[in-house]
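The structure appears below as structure tokens.
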Amino acid sequence: MPAYHSSYNSADGVRVINGIPLLPLLTKTRGPAPYADPSMTSDVIDEALELFRPNSFFKNFEIKGSGDRLLIYIILFISQSLNKLRATTTQAEATKVLYTLAVTNVVIPADASFPLSSMYPSVGDRMESDLLRQYLQQVRQETVQRLVAAVYADGAGPSKWWLCFQKRHFMGKVM
């Protein structure tokens, strides 16, 4: 069975840096992401949260477009975020810990410390690198907000159906 791919692979008219498209986000977080069309009901972050669990079972992933590269980045960040949570972590603590994770040490795929840097083209110059870092920081902040809402949806504590994926790593890699 093949892995699930991004529906944003064929996005036209979108700036691409380091193989990652700067897609519009449904967010109130300030950053360089283009404003989303008011008719949009979901974006790439919603797609990543939806595809995280099924794609976590795959050890191989064929990149079919630039949307897949952004999907990989977000899935690796979700995995890293889940590893910071425990069964006893409250929603407020989770928000604080994950927000700190989202804004500190934002690694872009061009960095040597990124686990799949060979699957991404190089960055043109320093300005593009900084713009991509700001965009990915905005993506990470929005991902944290939506991930905390999903993991703590029942209000009692973290969902065991999300925490059971702490030990599963997409393609066996950890960011």
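We name chains A, B, ... following the order of the structure tokens; residues begin at 1 in each chain, and ligands are numbered from 1 as shown.
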
| query | If we count only C-alpha atoms, what is near A:Thr143 at a cut-off of 9 Å, once residues fewer than 3 positions away on the same chain are taken out, given as a list in words? | reply |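 Returned residues: Ile45, Asp46, Ala48, Leu49, Ile74, Phe77, Ile78, Ala102, Gln138, Val139, Arg140, Arg146, Leu147 and Val148 of chain A.
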
| said: Please return, as a list in words, all residues of stretch 17-172 of chain A that DSSP assigns to strand (DSSP E or B) on the basis of the backbone. | reply: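 So, restricting stretch 17-172 of chain A to strand (DSSP E or B), we get Ile17, Ile20, Pro21, Leu25 and Tyr35 of chain A.
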
| When you draw a straight line from atom CA of A:Leu163 to atom CA of A:Ala92, how long is it in Å? | 16.7 Å

| message | At a cut-off of 12 Å, using only C-alpha atoms, what residues contact A:Leu131? Leave out same-chain residues fewer than 6 positions from it and give the result as a ChimeraX atom specification. | response | /A:15-18,20-22,31-33,106,108,123-125,137-138

Serialized selection, C-alpha atoms, as a compact mmCIF listing (two decimals), in the first residue's frame:
```txt
# COMPACT_ATOMS: atom_id res chain seq x y z
CA ARG A 15 6.82 30.65 -4.38
CA VAL A 16 9.07 27.65 -3.69
CA ILE A 17 12.23 27.91 -1.56
CA ASN A 18 14.43 24.89 -0.85
CA ILE A 20 9.14 23.89 0.04
CA PRO A 21 6.15 25.86 -1.24
CA LEU A 22 5.13 28.96 0.72
CA GLY A 31 4.50 35.72 9.53
CA PRO A 32 5.40 35.62 5.85
CA ALA A 33 2.73 33.08 4.83
CA VAL A 106 13.93 26.26 13.74
CA ILE A 108 15.32 24.30 7.73
CA VAL A 123 18.75 27.37 -0.77
CA GLY A 124 19.65 30.22 -3.14
CA ASP A 125 20.89 32.90 -0.73
CA GLN A 137 8.40 28.97 12.28
CA GLN A 138 4.91 30.26 11.47
```

| field | Spatial neighbours of stretch 3-13 of chain A, max dist 10 Å, only C-alpha atoms, sep filter under 5 positions, as a ChimeraX atom specification | value | /A:21,23,43-44,47-48,51-52,54-72

Go ahead and save the picked residues with N, CA and C atoms, as a compact mmCIF listing (two decimals), in the first residue's frame.
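What landed in again.txt:
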```
# COMPACT_ATOMS: atom_id res chain seq x y z
N PRO A 21 7.01 24.78 -0.77
CA PRO A 21 6.15 25.86 -1.24
C PRO A 21 5.69 26.74 -0.07
N LEU A 23 2.91 28.08 1.03
CA LEU A 23 1.46 27.98 0.84
C LEU A 23 0.71 28.89 1.81
N ASP A 43 -6.11 23.65 5.22
CA ASP A 43 -4.84 23.99 4.60
C ASP A 43 -3.85 22.84 4.78
N VAL A 44 -2.59 23.08 4.49
CA VAL A 44 -1.58 22.03 4.53
C VAL A 44 -1.37 21.50 5.95
N GLU A 47 -4.06 19.02 6.63
CA GLU A 47 -3.75 17.82 5.87
C GLU A 47 -2.66 17.00 6.58
N ALA A 48 -1.64 17.67 7.09
CA ALA A 48 -0.55 16.97 7.78
C ALA A 48 -1.05 16.28 9.06
N LEU A 51 -2.92 13.21 7.92
CA LEU A 51 -2.10 12.15 7.32
C LEU A 51 -0.96 11.69 8.22
N PHE A 52 -0.77 12.34 9.37
CA PHE A 52 0.35 11.97 10.25
C PHE A 52 0.28 10.51 10.67
N PRO A 54 -1.53 7.75 9.54
CA PRO A 54 -1.31 6.69 8.54
C PRO A 54 0.10 6.70 7.95
N ASN A 55 0.67 7.88 7.72
CA ASN A 55 2.01 7.93 7.12
C ASN A 55 3.10 7.52 8.09
N SER A 56 2.84 7.51 9.39
CA SER A 56 3.84 7.10 10.37
C SER A 56 4.21 5.63 10.23
N PHE A 57 3.38 4.86 9.58
CA PHE A 57 3.65 3.43 9.42
C PHE A 57 4.58 3.12 8.25
N PHE A 58 4.89 4.11 7.43
CA PHE A 58 5.69 3.87 6.23
C PHE A 58 7.16 4.18 6.47
N LYS A 59 8.02 3.31 5.96
CA LYS A 59 9.46 3.50 6.05
C LYS A 59 10.00 4.13 4.78
N ASN A 60 9.22 4.11 3.70
CA ASN A 60 9.62 4.70 2.43
C ASN A 60 8.57 5.70 2.00
N PHE A 61 9.01 6.76 1.35
CA PHE A 61 8.08 7.79 0.90
C PHE A 61 8.64 8.40 -0.38
N GLU A 62 7.91 8.26 -1.47
CA GLU A 62 8.32 8.83 -2.74
C GLU A 62 7.78 10.26 -2.83
N ILE A 63 8.67 11.22 -3.01
CA ILE A 63 8.26 12.61 -3.12
C ILE A 63 7.73 12.85 -4.53
N LYS A 64 6.47 13.29 -4.61
CA LYS A 64 5.84 13.52 -5.90
C LYS A 64 5.70 15.00 -6.23
N GLY A 65 6.12 15.87 -5.34
CA GLY A 65 6.03 17.30 -5.58
C GLY A 65 6.48 18.09 -4.38
N SER A 66 6.45 19.42 -4.52
CA SER A 66 6.92 20.27 -3.43
C SER A 66 5.99 20.21 -2.22
N GLY A 67 4.70 19.94 -2.43
CA GLY A 67 3.77 19.81 -1.31
C GLY A 67 4.16 18.65 -0.39
N ASP A 68 4.71 17.59 -0.98
CA ASP A 68 5.16 16.45 -0.17
C ASP A 68 6.35 16.83 0.72
N ARG A 69 7.20 17.71 0.24
CA ARG A 69 8.35 18.13 1.06
C ARG A 69 7.88 18.90 2.29
N LEU A 70 6.89 19.76 2.12
CA LEU A 70 6.33 20.48 3.28
C LEU A 70 5.60 19.52 4.20
N LEU A 71 4.88 18.55 3.63
CA LEU A 71 4.18 17.54 4.41
C LEU A 71 5.18 16.75 5.27
N ILE A 72 6.30 16.36 4.69
CA ILE A 72 7.34 15.63 5.44
C ILE A 72 7.83 16.47 6.61
```

| said: Which residues are near A:Lys84? Cut-off 9 Å, only C-alpha atoms, ignore same chain within fewer than 6 positions. Put them as a ChimeraX atom specification. | reply: /A:94,97-98,101,166

Those same residues - N, CA and C atoms - I'd like them written as a tab-separated table (two decimals), in the first residue's frame.
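again01.tsv, freshly written:
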```tsv
chain	number	residue	atom	x	y	z
A	94	ALA	N	1.26	21.58	27.97
A	94	ALA	CA	1.56	21.15	26.61
A	94	ALA	C	1.68	22.34	25.67
A	97	VAL	N	5.06	24.12	26.49
A	97	VAL	CA	6.24	23.35	26.07
A	97	VAL	C	6.34	23.30	24.55
A	98	LEU	N	5.23	23.06	23.88
A	98	LEU	CA	5.27	22.93	22.43
A	98	LEU	C	5.47	24.28	21.74
A	101	LEU	N	9.08	24.87	21.84
A	101	LEU	CA	9.72	24.03	20.83
A	101	LEU	C	9.56	24.64	19.43
A	166	GLN	N	4.07	8.15	19.74
A	166	GLN	CA	5.34	8.72	20.20
A	166	GLN	C	6.52	7.86	19.77
```

| Those in chain A with helix (DSSP H, G or I) from DSSP, as a ChimeraX atom specification | /A:44-55,66-83,91-103,117-119,126-151,160-163,170-172

| message | Measuring between only C-alpha atoms, which one of A:Thr88, A:Gln80, A:Thr95, A:Thr27 shows the shortest distance to A:Ala149? | response |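 Among A:Thr88, A:Gln80, A:Thr95, A:Thr27, it is A:Thr95 that comes nearest to A:Ala149.
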
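Atom CA of A:Ser42 is found 25.2 Å from atom CA of A:Met175.
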
| task | Find the residue from A:Met171, A:Leu85, A:Ser118, A:Thr104 that sits nearest to A:Val151; use only C-alpha atoms when measuring. | result |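 Selected residue with least distance to A:Val151: A:Leu85.
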
| query | Nearest to A:Ser117 among A:Arg30, A:Arg86, A:Lys173, A:Arg53, with distances taken over only C-alpha atoms: which residue is it? | reply | A:Lys173
